[in-house]
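Data from start.txt: compact mmCIF, C-alpha atoms
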# COMPACT_ATOMS: atom_id res chain seq x y z
CA MET M 1 -35.62 16.02 -1.38
CA ILE M 2 -31.92 16.87 -1.21
CA ASP M 3 -30.84 18.25 2.16
CA THR M 4 -28.20 20.70 0.96
CA LYS M 5 -27.49 21.91 4.52
CA TYR M 6 -26.68 18.35 5.62
CA HIS M 7 -24.43 17.89 2.58
CA GLN M 8 -22.61 21.14 3.35
CA VAL M 9 -21.99 20.10 6.96
CA ILE M 10 -20.46 16.83 5.76
CA ARG M 11 -18.31 18.57 3.18
CA ASP M 12 -17.08 21.18 5.67
CA LEU M 13 -16.06 18.52 8.18
CA SER M 14 -14.50 16.45 5.42
CA GLU M 15 -12.47 19.41 4.18
CA ARG M 16 -11.26 20.15 7.70
CA LEU M 17 -10.03 16.57 7.98
CA VAL M 18 -8.27 16.72 4.62
CA ASN M 19 -6.61 20.05 5.38
CA THR M 20 -5.54 19.02 8.88
CA GLN M 21 -3.73 15.92 7.65
CA ARG M 22 -2.08 17.77 4.76
CA PRO M 23 1.30 18.56 6.39
CA ILE M 24 1.76 14.97 7.57
CA ARG M 25 4.34 13.28 5.36
CA ILE M 26 5.08 9.91 6.92
CA LEU M 27 7.86 8.67 4.67
CA ASP M 28 9.61 12.05 4.55
CA ALA M 29 9.71 12.08 8.34
CA LEU M 30 11.18 8.56 8.52
CA LYS M 31 13.74 8.46 5.72
CA TRP M 32 17.50 8.21 6.22
CA ASN M 33 19.82 10.56 4.36
CA GLY M 34 22.62 9.73 1.95
CA GLU M 35 25.36 10.24 4.54
CA ILE M 36 24.09 7.24 6.51
CA GLU M 37 24.44 5.05 3.42
CA VAL M 38 27.93 6.33 2.62
CA ASP M 39 29.17 5.66 6.14
CA PHE M 40 27.66 2.17 6.18
CA PHE M 41 29.40 1.23 2.95
CA LYS M 42 32.67 2.73 4.20
CA SER M 43 32.51 0.43 7.23
CA GLY M 44 32.41 -2.58 4.93
CA PHE M 45 28.88 -3.31 6.18
CA LYS M 46 30.26 -4.01 9.67
CA ALA M 47 29.06 -0.98 11.65
CA LEU M 48 25.40 -0.32 12.34
CA PRO M 49 24.16 2.90 10.70
CA ALA M 50 24.52 5.89 13.01
CA VAL M 51 20.80 6.49 13.45
CA GLY M 52 19.34 7.27 16.85
CA PRO M 53 16.81 9.62 18.48
CA THR M 54 19.04 12.63 17.80
CA PHE M 55 19.01 11.89 14.07
CA TYR M 56 15.21 12.17 14.00
CA GLU M 57 15.19 15.21 16.27
CA ASN M 58 17.32 16.97 13.66
CA ASN M 59 14.75 16.01 11.00
CA ARG M 60 12.06 18.13 12.61
CA LEU M 61 8.42 17.63 11.74
CA LYS M 62 6.79 20.41 9.73
CA PHE M 63 4.10 20.81 12.39
CA ASP M 64 3.65 20.75 16.15
CA PRO M 65 2.63 17.11 16.85
CA ASP M 66 0.74 17.79 20.08
CA LYS M 67 -1.27 20.59 18.47
CA LYS M 68 -1.94 18.36 15.48
CA ILE M 69 -3.34 15.62 17.72
CA ASP M 70 -5.52 18.20 19.44
CA GLU M 71 -6.82 19.31 16.02
CA PHE M 72 -7.87 15.77 15.12
CA ASN M 73 -9.47 15.30 18.53
CA GLN M 74 -11.43 18.52 18.04
CA ILE M 75 -12.61 17.49 14.59
CA GLU M 76 -13.74 14.14 16.01
CA ARG M 77 -15.75 15.93 18.72
CA ASP M 78 -17.28 18.28 16.13
CA ILE M 79 -18.28 15.34 13.94
CA ARG M 80 -20.17 13.75 16.84
CA ARG M 81 -21.73 17.07 17.76
CA GLU M 82 -22.87 17.96 14.24
CA LEU M 83 -23.64 14.53 12.77
CA GLY M 84 -24.36 12.39 15.80
CA GLN M 85 -22.57 9.44 17.36
CA TYR M 86 -23.72 6.81 14.87
CA ASN M 87 -24.02 8.67 11.58
CA SER M 88 -22.45 6.39 8.93
CA ILE M 89 -20.27 9.05 7.29
CA GLY M 90 -19.45 10.52 10.67
CA SER M 91 -18.30 7.11 11.93
CA ILE M 92 -15.88 6.80 9.02
CA MET M 93 -14.46 10.28 9.58
CA GLN M 94 -14.18 9.75 13.34
CA ARG M 95 -12.11 6.62 12.79
CA MET M 96 -9.93 8.52 10.33
CA CYS M 97 -9.33 11.21 12.98
CA ARG M 98 -8.19 8.55 15.43
CA GLU M 99 -5.93 6.95 12.85
CA TYR M 100 -4.31 10.22 11.89
CA ALA M 101 -3.75 11.02 15.56
CA MET M 102 -2.01 7.67 15.94
CA VAL M 103 0.12 8.44 12.86
CA VAL M 104 1.30 11.58 14.64
CA GLU M 105 2.08 9.49 17.73
CA LEU M 106 4.10 7.19 15.45
CA LEU M 107 6.12 10.15 14.20
CA LYS M 108 6.63 11.46 17.71
CA ALA M 109 8.04 8.03 18.64
CA ARG M 110 10.71 7.96 15.92
CA GLY M 111 13.90 6.38 17.21
CA THR M 112 12.26 5.02 20.37
CA PRO M 113 11.04 1.53 21.40
CA HIS M 114 7.44 2.77 21.05
CA PHE M 115 7.80 3.32 17.30
CA THR M 116 7.27 -0.31 16.27
CA ARG M 117 4.29 -0.69 18.62
CA TYR M 118 2.48 2.18 16.87
CA SER M 119 3.52 0.80 13.49
CA GLN M 120 2.05 -2.60 14.32
CA GLN M 121 -1.21 -1.00 15.43
CA LEU M 122 -1.46 0.91 12.16
CA TYR M 123 -0.12 -1.58 9.62
CA GLY M 124 -0.03 -4.94 11.40
CA SER M 125 2.59 -7.52 12.32
CA SER M 126 4.09 -10.47 10.46
CA ASP M 127 2.49 -12.70 13.10
CA ASP M 128 -1.03 -11.48 12.33
CA ALA M 129 -3.53 -14.16 11.31
CA PHE M 130 -6.59 -13.60 9.11
CA TYR M 131 -8.87 -15.41 11.55
CA ALA M 132 -8.43 -17.58 14.64
CA GLY M 133 -6.12 -20.48 13.87
CA ALA M 134 -5.38 -19.29 10.33
CA PRO M 135 -1.86 -19.08 8.86
CA THR M 136 0.02 -15.83 9.46
CA LEU M 137 1.66 -13.45 7.01
CA LYS M 138 4.98 -15.08 7.88
CA ASP M 139 3.49 -18.48 6.97
CA LEU M 140 2.36 -17.03 3.65
CA ALA M 141 5.89 -15.81 2.93
CA VAL M 142 7.39 -19.23 3.70
CA LEU M 143 4.87 -21.12 1.55
CA ILE M 144 5.16 -18.85 -1.49
CA SER M 145 8.95 -18.54 -1.23
CA ASN M 146 9.26 -22.32 -1.19
CA THR M 147 7.10 -22.56 -4.30
CA LEU M 148 8.93 -19.75 -6.08
CA SER M 149 12.25 -21.50 -5.50
CA PHE M 150 11.15 -24.14 -8.04
CA ILE M 151 10.03 -21.75 -10.77
CA LYS M 152 11.78 -18.40 -10.46
CA ASN M 153 14.55 -19.35 -12.89
CA GLN M 154 12.15 -20.78 -15.49
CA THR M 155 10.05 -17.75 -16.37
CA GLY M 156 12.54 -15.20 -17.64
CA THR M 157 12.05 -13.75 -21.14
CA ASP M 158 13.17 -10.72 -23.11
CA MET M 159 10.49 -8.79 -21.20
CA ASP M 160 12.74 -8.97 -18.13
CA LYS M 161 15.71 -7.25 -19.74
CA LYS M 162 16.27 -3.77 -18.33
CA ILE M 163 16.50 -1.87 -21.59
CA TYR M 164 14.73 1.42 -20.79
CA THR M 165 16.39 4.38 -19.11
CA SER M 166 14.44 6.44 -16.61
CA GLU M 167 13.83 9.07 -19.28
CA GLU M 168 12.52 6.49 -21.75
CA ALA M 169 10.34 4.91 -19.07
CA VAL M 170 8.81 8.31 -18.28
CA ALA M 171 7.84 8.81 -21.92
CA ILE M 172 6.45 5.29 -22.40
CA LEU M 173 4.49 5.24 -19.16
CA GLY M 174 3.18 8.74 -19.74
CA GLU M 175 1.86 7.75 -23.16
CA ARG M 176 0.13 4.64 -21.85
CA LEU M 177 -1.54 6.44 -18.97
CA SER M 178 -2.70 9.26 -21.22
CA HIS M 179 -4.88 6.69 -22.99
CA TYR M 180 -6.25 5.27 -19.74
CA PHE M 181 -6.98 8.71 -18.21
CA GLN M 182 -8.22 10.29 -21.44
CA ASP M 183 -10.40 12.91 -19.76
CA GLU M 184 -7.51 14.36 -17.75
CA GLY M 185 -5.85 15.95 -20.76
CA ASN M 186 -2.37 17.22 -19.95
CA GLN M 187 -2.94 17.25 -16.20
CA LEU M 188 -1.33 13.86 -15.67
CA ARG M 189 2.42 13.62 -15.59
CA VAL M 190 5.11 11.03 -15.13
CA LYS M 191 8.36 12.59 -13.98
CA LEU M 192 11.83 11.80 -12.66
CA SER M 193 12.72 12.12 -8.99
CA ASP M 194 15.83 11.84 -6.85
CA ASP M 195 14.07 11.69 -3.49
CA ILE M 196 12.28 8.33 -3.48
CA ILE M 197 13.56 4.97 -2.20
CA ALA M 198 11.39 2.79 -4.44
CA ASP M 199 11.74 2.74 -8.22
CA ALA M 200 8.38 4.52 -8.48
CA ALA M 201 5.79 6.30 -6.36
CA ALA M 202 2.38 7.82 -7.12
CA GLY M 203 1.41 11.35 -6.13
CA ALA M 204 -1.85 13.27 -6.53
CA GLU M 205 -1.60 13.88 -10.28
CA PHE M 206 1.73 12.36 -11.17
CA ILE M 207 3.93 9.31 -10.87
CA LYS M 208 7.58 9.66 -9.88
CA LEU M 209 10.23 7.38 -11.37
CA ARG M 210 13.62 7.22 -9.70
CA SER M 211 16.39 8.81 -11.74
CA ASN M 212 19.32 6.78 -13.05
CA THR M 213 17.32 3.54 -12.97
CA MET M 214 16.85 1.01 -15.75
CA PHE M 215 13.46 -0.59 -16.36
CA SER M 216 12.27 -3.71 -18.18
CA GLU M 217 9.07 -4.05 -20.19
CA ARG M 218 7.61 -6.22 -17.45
CA GLU M 219 8.39 -3.59 -14.83
CA LEU M 220 6.67 -0.93 -16.93
CA LYS M 221 3.56 -3.12 -17.09
CA VAL M 222 3.58 -3.41 -13.31
CA LEU M 223 3.98 0.35 -12.89
CA GLU M 224 1.16 1.05 -15.34
CA VAL M 225 -1.43 -0.96 -13.43
CA HIS M 226 -0.05 -0.59 -9.89
CA GLU M 227 0.90 3.08 -9.72
CA GLY M 228 -1.33 4.23 -12.58
CA TRP M 229 -4.61 2.33 -12.69
CA VAL M 230 -4.84 1.86 -8.92
CA HIS M 231 -3.00 4.58 -6.99
CA LEU M 232 -3.43 7.41 -9.45
CA GLY M 233 -6.90 6.23 -10.46
CA THR M 234 -8.26 6.09 -6.92
CA THR M 235 -6.72 9.47 -6.15
CA LEU M 236 -8.51 11.07 -9.11
CA ASN M 237 -11.76 9.29 -8.25
CA GLY M 238 -11.45 10.54 -4.67
CA MET M 239 -10.70 14.07 -5.80
CA SER M 240 -13.89 14.06 -7.86
CA GLN M 241 -16.07 13.51 -4.78
CA PRO M 242 -18.20 16.64 -4.32
CA ILE M 243 -19.23 15.97 -0.71
CA CYS M 244 -17.11 13.23 0.89
CA THR M 245 -13.80 14.81 -0.06
CA PHE M 246 -12.01 12.77 2.62
CA LEU M 247 -11.94 9.96 0.05
CA SER M 248 -9.15 11.80 -1.77
CA LYS M 249 -6.77 11.09 1.11
CA GLY M 250 -6.24 7.97 3.10
CA PRO M 251 -5.03 6.90 6.54
CA PRO M 252 -3.04 3.64 7.05
CA SER M 253 -6.16 1.45 6.93
CA SER M 254 -6.78 2.62 3.37
CA THR M 255 -3.12 1.95 2.54
CA ILE M 256 -3.73 -1.73 3.25
CA THR M 257 -6.66 -1.67 0.81
CA GLN M 258 -4.76 0.39 -1.76
CA GLU M 259 -1.64 -1.73 -1.88
CA GLY M 260 -3.60 -4.97 -1.77
CA LEU M 261 -5.71 -3.79 -4.68
CA ALA M 262 -2.58 -2.80 -6.60
CA ILE M 263 -1.05 -6.27 -6.17
CA ILE M 264 -4.34 -7.88 -7.22
CA MET M 265 -4.32 -5.79 -10.39
CA GLU M 266 -0.78 -6.96 -11.15
CA VAL M 267 -2.01 -10.56 -10.91
CA PHE M 268 -5.30 -10.05 -12.76
CA THR M 269 -3.53 -8.34 -15.68
CA PHE M 270 -0.76 -11.00 -15.76
CA SER M 271 1.76 -8.24 -15.09
CA SER M 272 3.29 -9.76 -11.97
CA HIS M 273 6.18 -12.23 -12.10
CA PRO M 274 8.08 -14.54 -9.73
CA SER M 275 10.91 -12.13 -8.90
CA ARG M 276 8.35 -9.43 -8.09
CA MET M 277 6.47 -11.81 -5.80
CA GLN M 278 9.70 -12.98 -4.17
CA GLY M 279 10.53 -9.38 -3.39
CA LEU M 280 7.19 -8.96 -1.62
CA MET M 281 7.75 -12.15 0.37
CA ASP M 282 11.27 -11.06 1.33
CA ARG M 283 9.81 -7.90 2.84
CA VAL M 284 7.61 -9.98 5.12
CA THR M 285 10.52 -12.21 6.12
CA ALA M 286 12.77 -9.23 6.83
CA ILE M 287 10.13 -7.54 8.99
CA HIS M 288 9.58 -10.82 10.84
CA MET M 289 13.32 -11.03 11.49
CA ALA M 290 13.39 -7.50 12.88
CA GLU M 291 10.31 -8.11 15.00
CA ASN M 292 12.21 -11.00 16.54
CA GLY M 293 15.38 -9.06 17.30
CA ALA M 294 17.46 -9.03 14.09
CA ASN M 295 19.43 -5.83 13.55
CA PHE M 296 20.08 -3.84 10.38
CA ILE M 297 23.23 -5.75 9.41
CA GLU M 298 21.48 -9.11 9.78
CA VAL M 299 18.57 -7.97 7.61
CA PHE M 300 20.99 -6.43 5.10
CA ASN M 301 22.86 -9.74 4.87
CA TYR M 302 19.57 -11.60 4.45
CA PHE M 303 18.80 -9.58 1.33
CA ARG M 304 22.31 -10.19 0.01
CA GLU M 305 21.76 -13.93 0.49
CA GLN M 306 18.69 -13.64 -1.74
CA GLY M 307 20.95 -12.50 -4.58
CA LEU M 308 20.41 -8.76 -4.35
CA THR M 309 23.23 -6.30 -4.91
CA GLU M 310 24.75 -4.44 -1.98
CA LYS M 311 22.93 -1.28 -3.05
CA GLU M 312 19.59 -3.09 -3.37
CA SER M 313 20.12 -4.85 -0.04
CA TYR M 314 20.82 -1.55 1.70
CA THR M 315 17.72 0.07 0.19
CA ARG M 316 15.45 -2.76 1.24
CA ALA M 317 16.93 -3.03 4.73
CA THR M 318 16.41 0.71 5.11
CA ARG M 319 12.71 0.27 4.31
CA VAL M 320 12.50 -2.11 7.28
CA PHE M 321 14.24 0.15 9.80
CA ARG M 322 13.30 3.69 8.66
CA GLY M 323 11.79 5.57 11.56
CA SER M 324 13.35 3.14 13.99
CA ILE M 325 16.96 2.52 15.00
CA PRO M 326 19.27 -0.12 13.45
CA ASP M 327 18.93 -2.50 16.38
CA GLY M 328 15.33 -1.65 17.25
CA GLY M 329 12.01 -2.92 15.93
CA PRO M 330 10.85 -2.47 12.31
CA PHE M 331 8.54 -0.14 10.45
CA THR M 332 5.90 -2.68 9.38
CA LYS M 333 4.26 -0.79 6.51
CA ASP M 334 5.64 -3.18 3.86
CA LEU M 335 3.35 -5.90 5.18
CA VAL M 336 0.35 -4.16 3.64
CA TYR M 337 0.99 -5.51 0.12
CA ASN M 338 0.42 -9.13 1.09
CA LYS M 339 -2.05 -8.42 3.86
CA GLY M 340 -4.16 -6.27 1.57
CA PHE M 341 -4.02 -8.80 -1.26
CA ILE M 342 -5.40 -11.59 0.94
CA LEU M 343 -8.12 -9.40 2.45
CA ILE M 344 -9.33 -8.00 -0.88
CA TYR M 345 -9.12 -11.29 -2.77
CA ASN M 346 -11.36 -12.92 -0.17
CA TYR M 347 -13.67 -9.90 -0.17
CA ILE M 348 -14.15 -10.26 -3.93
CA ARG M 349 -14.75 -14.01 -3.67
CA LEU M 350 -17.34 -13.59 -0.92
CA ALA M 351 -19.04 -10.68 -2.69
CA ILE M 352 -19.46 -12.85 -5.79
CA GLN M 353 -20.66 -15.81 -3.74
CA ARG M 354 -23.35 -13.61 -2.18
CA GLY M 355 -24.32 -11.84 -5.41
CA LEU M 356 -23.00 -8.42 -4.34
CA LEU M 357 -21.16 -7.67 -7.59
CA SER M 358 -22.06 -3.97 -7.55
CA ARG M 359 -19.82 -3.42 -4.53
CA ILE M 360 -16.64 -4.69 -6.14
CA PRO M 361 -15.93 -1.67 -8.45
CA LEU M 362 -16.37 0.60 -5.40
CA LEU M 363 -12.89 -0.48 -4.33
CA PHE M 364 -11.74 2.23 -6.76
CA LEU M 365 -13.96 5.14 -5.69
CA GLY M 366 -11.19 6.79 -3.67
CA LYS M 367 -8.82 6.06 -0.81
CA ALA M 368 -11.42 3.79 0.70
CA THR M 369 -10.99 1.26 3.49
CA LEU M 370 -12.32 -2.24 2.95
CA GLU M 371 -14.47 -2.21 6.08
CA ASP M 372 -16.30 0.92 4.83
CA LEU M 373 -17.44 -0.44 1.46
CA HIS M 374 -20.85 -1.60 2.69
CA VAL M 375 -21.50 1.93 3.99
CA LEU M 376 -20.09 3.61 0.89
CA SER M 377 -22.32 1.44 -1.29
CA ASP M 378 -25.38 2.86 0.45
CA LEU M 379 -23.96 6.38 0.15
CA VAL M 380 -23.58 5.93 -3.62
CA ASP M 381 -27.26 4.98 -3.78
CA GLU M 382 -28.11 8.09 -1.75
CA GLY M 383 -26.00 10.34 -3.99
CA LEU M 384 -23.61 11.39 -1.23
CA VAL M 385 -20.72 9.53 -2.87
CA VAL M 386 -20.01 9.48 -6.62
CA ALA M 387 -19.33 6.12 -8.26
CA PRO M 388 -15.74 5.76 -9.52
CA LYS M 389 -14.97 7.13 -12.95
CA TYR M 390 -11.70 5.31 -13.56
CA VAL M 391 -12.15 1.57 -13.12
CA PRO M 392 -9.87 -1.04 -14.74
CA PRO M 393 -11.57 -3.18 -17.42
CA GLN M 394 -11.31 -6.30 -15.26
CA PHE M 395 -13.53 -4.60 -12.66
CA LYS M 396 -15.75 -2.68 -15.06
CA ASP M 397 -16.93 -5.88 -16.78
CA LEU M 398 -17.07 -8.49 -14.02
CA ALA M 399 -18.05 -11.43 -16.22
CA ALA M 400 -14.62 -13.07 -16.47
CA LEU M 401 -13.65 -12.21 -12.90
CA SER M 402 -16.89 -13.73 -11.60
CA SER M 403 -16.24 -16.94 -13.49
CA TRP M 404 -12.71 -17.15 -12.10
CA MET M 405 -13.89 -16.62 -8.54
CA CYS M 406 -16.67 -19.19 -8.85
CA TYR M 407 -14.05 -21.83 -9.60
CA SER M 408 -11.84 -20.42 -6.84
CA LEU M 409 -14.57 -21.00 -4.25
CA PHE M 410 -14.54 -24.71 -5.07
CA LEU M 411 -10.81 -25.17 -5.60
CA ASN M 412 -10.10 -23.99 -2.06
CA GLN M 413 -12.04 -26.99 -0.75
CA LEU M 414 -9.56 -29.41 -2.33
CA ASP M 415 -6.62 -30.76 -0.32
CA LEU M 416 -3.48 -29.91 -2.30
CA LYS M 417 -1.40 -32.58 -0.53
CA ARG M 418 -3.96 -35.23 -1.43
CA LEU M 419 -4.03 -33.96 -5.00
CA ALA M 420 -0.25 -34.26 -5.15
CA GLN M 421 -0.56 -37.94 -4.30
CA GLU M 422 -3.21 -38.45 -6.98
CA TYR M 423 -1.16 -36.61 -9.61
CA LYS M 424 2.20 -38.18 -8.84
CA GLU M 425 1.91 -40.56 -11.79
CA ILE M 426 1.44 -37.75 -14.31
CA LEU M 427 3.76 -35.07 -12.92

So that I can check it, write out the structure of this file as structure tokens.
Amino acid sequence: MIDTKYHQVIRDLSERLVNTQRPIRILDALKWNGEIEVDFFKSGFKALPAVGPTFYENNRLKFDPDKKIDEFNQIERDIRRELGQYNSIGSIMQRMCREYAMVVELLKARGTPHFTRYSQQLYGSSDDAFYAGAPTLKDLAVLISNTLSFIKNQTGTDMDKKIYTSEEAVAILGERLSHYFQDEGNQLRVKLSDDIIADAAAGAEFIKLRSNTMFSERELKVLEVHEGWVHLGTTLNGMSQPICTFLSKGPPSSTITQEGLAIIMEVFTFSSHPSRMQGLMDRVTAIHMAENGANFIEVFNYFREQGLTEKESYTRATRVFRGSIPDGGPFTKDLVYNKGFILIYNYIRLAIQRGLLSRIPLLFLGKATLEDLHVLSDLVDEGLVVAPKYVPPQFKDLAALSSWMCYSLFLNQLDLKRLAQEYKEIL
């Protein structure tokens, strides 16, 4: 028997959570304006950008932060009161309330020494390990960067030539995604934007491409699966939830899952490439530098040493210090790509090893957090959560992926250094 009253209570609490977080726009609150860039270039890259607490005070939040924290605290209390302390859905929503409250604390701390501490709590640190004694994210960046140094100049093809204007990229990407999201009709859009730092960003029902940017065929493939199949797909799947509507929006913990899943899709579809991977590793290295005292100019020069243009170096250094000050700690969000990849890849391997294949496609059911999948799986069985509609073919038919991961479980037991000795006569 369906308890419609119970379902309505969950939906009402879920909608309150979604509506309360709505005015929070993290990246908008942290971004630097064009004047900062102009002044930095005028100084010949010698003067730290003029960004301090006053700069952020002038970029006022669109809400009262203390009242917003009180709202999340009240929702958390109401969840416990109406659903109980240990209700599975209630536990997820309570954690989301706490995360959103910490996000507001992060925004309150813009331009102060506390900013990086909140960022590390939400997104992690470059010194984080995956288990006791395991390598850190910084170790990952060193290992992969060393490997990429041998191959990055050997993989270029015509697919890497930037031949498409922003306008052409919008048309091509829009056409491809219209086939993937066939049931959405004309609702989906790809459009140009002048207010994003990255080349592309996904919204609720659209993808933004930065104006006046050239794209290669390989970059369009990455955008199709990363921004389209994953970010847009999980948003639409979350928006289709009739009861647990909180799955349409995600706190930082879901960002780790989202970005990790997007990088995995780049790899599984053979869309990724060495320069793309090097860029992800450089982000980890730059954040590690800032966590250990490097300032904006030092990080900017690091990116220039990697062969990036002055404009590209500025943009990437800005990603590291946005929300902070040029000689303060970093904003660590860009760690989530690699952190999420490792966490999800191992989740998939272990799920296959234990015969839990049905849980793997649930990664796409909305803005889910990895630690909640075992609960969400039960909720799908109960009918409280709807299974994802838009799932990439690699996750819809798990035959090939399962075979790959079965080999992966064994390959990880082999000592690569020992193998190098055995193969030295044939390599």

Next on the checklist: Neighbouring residues of segment 308-311 of chain M were defined as those with any atom within 12 Å, considering all atoms listed in the file; residues of the same chain fewer than 2 positions away were excluded. Please report them as a PyMOL selection string.
Outcome noted: chain M and resi 37-38+40-41+44-45+197+275+278-279+282+297+299-306+313-318

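Across the structure, atom CA of Ile92 of chain M and atom CA of Asp372 of chain M are spaced 7.2 Å apart.
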
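With all atoms listed in the file as the atoms that count, the residue of M:Glu175, M:Asp195, M:Glu227, M:Glu71 with the shortest distance to Trp32 of chain M is M:Asp195.
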
Item to check | Contacts of segment 130-143 of chain M within 8 Å, all atoms listed in the file, excl. fewer than 6 positions in-chain, as number ranges by chain | outcome: M: 281-282, 284-285, 288, 335, 338-339

Next on the checklist: Could you tell me how far atom CA of Met96 of chain M sits from atom CA of Gln74 of chain M, in Å to one decimal place?
Outcome noted: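 That distance, rounded to one decimal, is 12.7 Å.
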
Item to check | Counting all atoms listed in the file, the residue of M:Val222, M:Val18, M:Leu280, M:Leu370 that sits nearest Tyr100 of chain M | outcome: M:Val18

Checklist entry - Within 10 Å of (-22.3, -4.9, -8.5), all atoms listed in the file: residues as a PyMOL selection string? => result chain M and resi 351-352+355-362+377+395-398

Item to check | Residue with smallest distance to Leu122 of chain M - pool M:Leu13, M:Val391, M:Val336, M:Ala201, counting all atoms listed in the file | outcome: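 Comparing M:Leu13, M:Val391, M:Val336, M:Ala201 against Leu122 of chain M, the winner is M:Val336.
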
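Closest to Ile144 of chain M among M:Pro274, M:Asp128, M:Asp334, M:Phe321 is M:Pro274, based on only C-alpha atoms.
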
Next on the checklist: Give me, as a list of chain:residue names, all polymer residues having an atom no more than 12 Å from Cys406 of chain M, counting only C-alpha atoms and skipping those fewer than 5 positions away in the same chain.
Outcome noted: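 The residues satisfying every condition are M:Asn346, M:Ile348, M:Arg349, M:Leu350, M:Ala351, M:Ile352, M:Gln353, M:Arg354, M:Gly355, M:Leu398, M:Ala399, M:Ala400, M:Leu401, M:Leu411, M:Asn412.
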
Could the residues in this selection be written to a file with C-alpha atoms, as a PDB file, in the frame of the given file?
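Result file is selection36.pdb:
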ATOM      1  CA  ASN M 346     -11.360 -12.920  -0.170  1.00  0.00           C
ATOM      2  CA  ILE M 348     -14.150 -10.260  -3.930  1.00  0.00           C
ATOM      3  CA  ARG M 349     -14.750 -14.010  -3.670  1.00  0.00           C
ATOM      4  CA  LEU M 350     -17.340 -13.590  -0.920  1.00  0.00           C
ATOM      5  CA  ALA M 351     -19.040 -10.680  -2.690  1.00  0.00           C
ATOM      6  CA  ILE M 352     -19.460 -12.850  -5.790  1.00  0.00           C
ATOM      7  CA  GLN M 353     -20.660 -15.810  -3.740  1.00  0.00           C
ATOM      8  CA  ARG M 354     -23.350 -13.610  -2.180  1.00  0.00           C
ATOM      9  CA  GLY M 355     -24.320 -11.840  -5.410  1.00  0.00           C
ATOM     10  CA  LEU M 398     -17.070  -8.490 -14.020  1.00  0.00           C
ATOM     11  CA  ALA M 399     -18.050 -11.430 -16.220  1.00  0.00           C
ATOM     12  CA  ALA M 400     -14.620 -13.070 -16.470  1.00  0.00           C
ATOM     13  CA  LEU M 401     -13.650 -12.210 -12.900  1.00  0.00           C
ATOM     14  CA  LEU M 411     -10.810 -25.170  -5.600  1.00  0.00           C
ATOM     15  CA  ASN M 412     -10.100 -23.990  -2.060  1.00  0.00           C
TER      16      ASN M 412
END

Item to check | Selected residue, from M:Gly260, M:Gly238, M:Gly233, M:Pro53, that lies nearest to Ile325 of chain M when counting only C-alpha atoms | outcome: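 Comparing M:Gly260, M:Gly238, M:Gly233, M:Pro53 against Ile325 of chain M, the winner is M:Pro53.
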
Next on the checklist: Here is a test: counting only C-alpha atoms, which residue of M:Gln241, M:Ser178, M:Leu414, M:Met277 is nearest to Val385 of chain M?
Outcome noted: M:Gln241

Missing atoms in segment 171-182 of chain M should be modelled up to N, CA and C atoms and reported as an mmCIF file, keeping the file's coordinate frame.
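Just written: rebuild_0.cif:
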data_model
loop_
_atom_site.group_PDB
_atom_site.id
_atom_site.type_symbol
_atom_site.label_atom_id
_atom_site.label_comp_id
_atom_site.auth_asym_id
_atom_site.auth_seq_id
_atom_site.Cartn_x
_atom_site.Cartn_y
_atom_site.Cartn_z
ATOM 1 N N ALA M 171 8.575 8.558 -20.679
ATOM 2 C CA ALA M 171 7.840 8.810 -21.920
ATOM 3 C C ALA M 171 6.855 7.684 -22.234
ATOM 4 N N ILE M 172 7.305 6.438 -22.077
ATOM 5 C CA ILE M 172 6.450 5.290 -22.400
ATOM 6 C C ILE M 172 5.268 5.218 -21.446
ATOM 7 N N LEU M 173 5.549 5.334 -20.147
ATOM 8 C CA LEU M 173 4.490 5.240 -19.160
ATOM 9 C C LEU M 173 3.510 6.403 -19.287
ATOM 10 N N GLY M 174 4.037 7.581 -19.556
ATOM 11 C CA GLY M 174 3.180 8.740 -19.740
ATOM 12 C C GLY M 174 2.213 8.562 -20.900
ATOM 13 N N GLU M 175 2.714 7.992 -21.986
ATOM 14 C CA GLU M 175 1.860 7.750 -23.160
ATOM 15 C C GLU M 175 0.767 6.734 -22.848
ATOM 16 N N ARG M 176 1.119 5.667 -22.169
ATOM 17 C CA ARG M 176 0.130 4.640 -21.850
ATOM 18 C C ARG M 176 -0.962 5.170 -20.927
ATOM 19 N N LEU M 177 -0.563 5.923 -19.916
ATOM 20 C CA LEU M 177 -1.540 6.440 -18.970
ATOM 21 C C LEU M 177 -2.409 7.539 -19.564
ATOM 22 N N SER M 178 -1.887 8.234 -20.568
ATOM 23 C CA SER M 178 -2.700 9.260 -21.220
ATOM 24 C C SER M 178 -3.899 8.632 -21.927
ATOM 25 N N HIS M 179 -3.743 7.394 -22.367
ATOM 26 C CA HIS M 179 -4.880 6.690 -22.990
ATOM 27 C C HIS M 179 -5.872 6.211 -21.934
ATOM 28 N N TYR M 180 -5.358 5.766 -20.784
ATOM 29 C CA TYR M 180 -6.250 5.270 -19.740
ATOM 30 C C TYR M 180 -7.026 6.427 -19.106
ATOM 31 N N PHE M 181 -6.341 7.533 -18.824
ATOM 32 C CA PHE M 181 -6.980 8.710 -18.210
ATOM 33 C C PHE M 181 -7.250 9.760 -19.287
ATOM 34 N N GLN M 182 -8.031 9.424 -20.276
ATOM 35 C CA GLN M 182 -8.220 10.290 -21.440
ATOM 36 C C GLN M 182 -8.818 11.640 -21.065
#
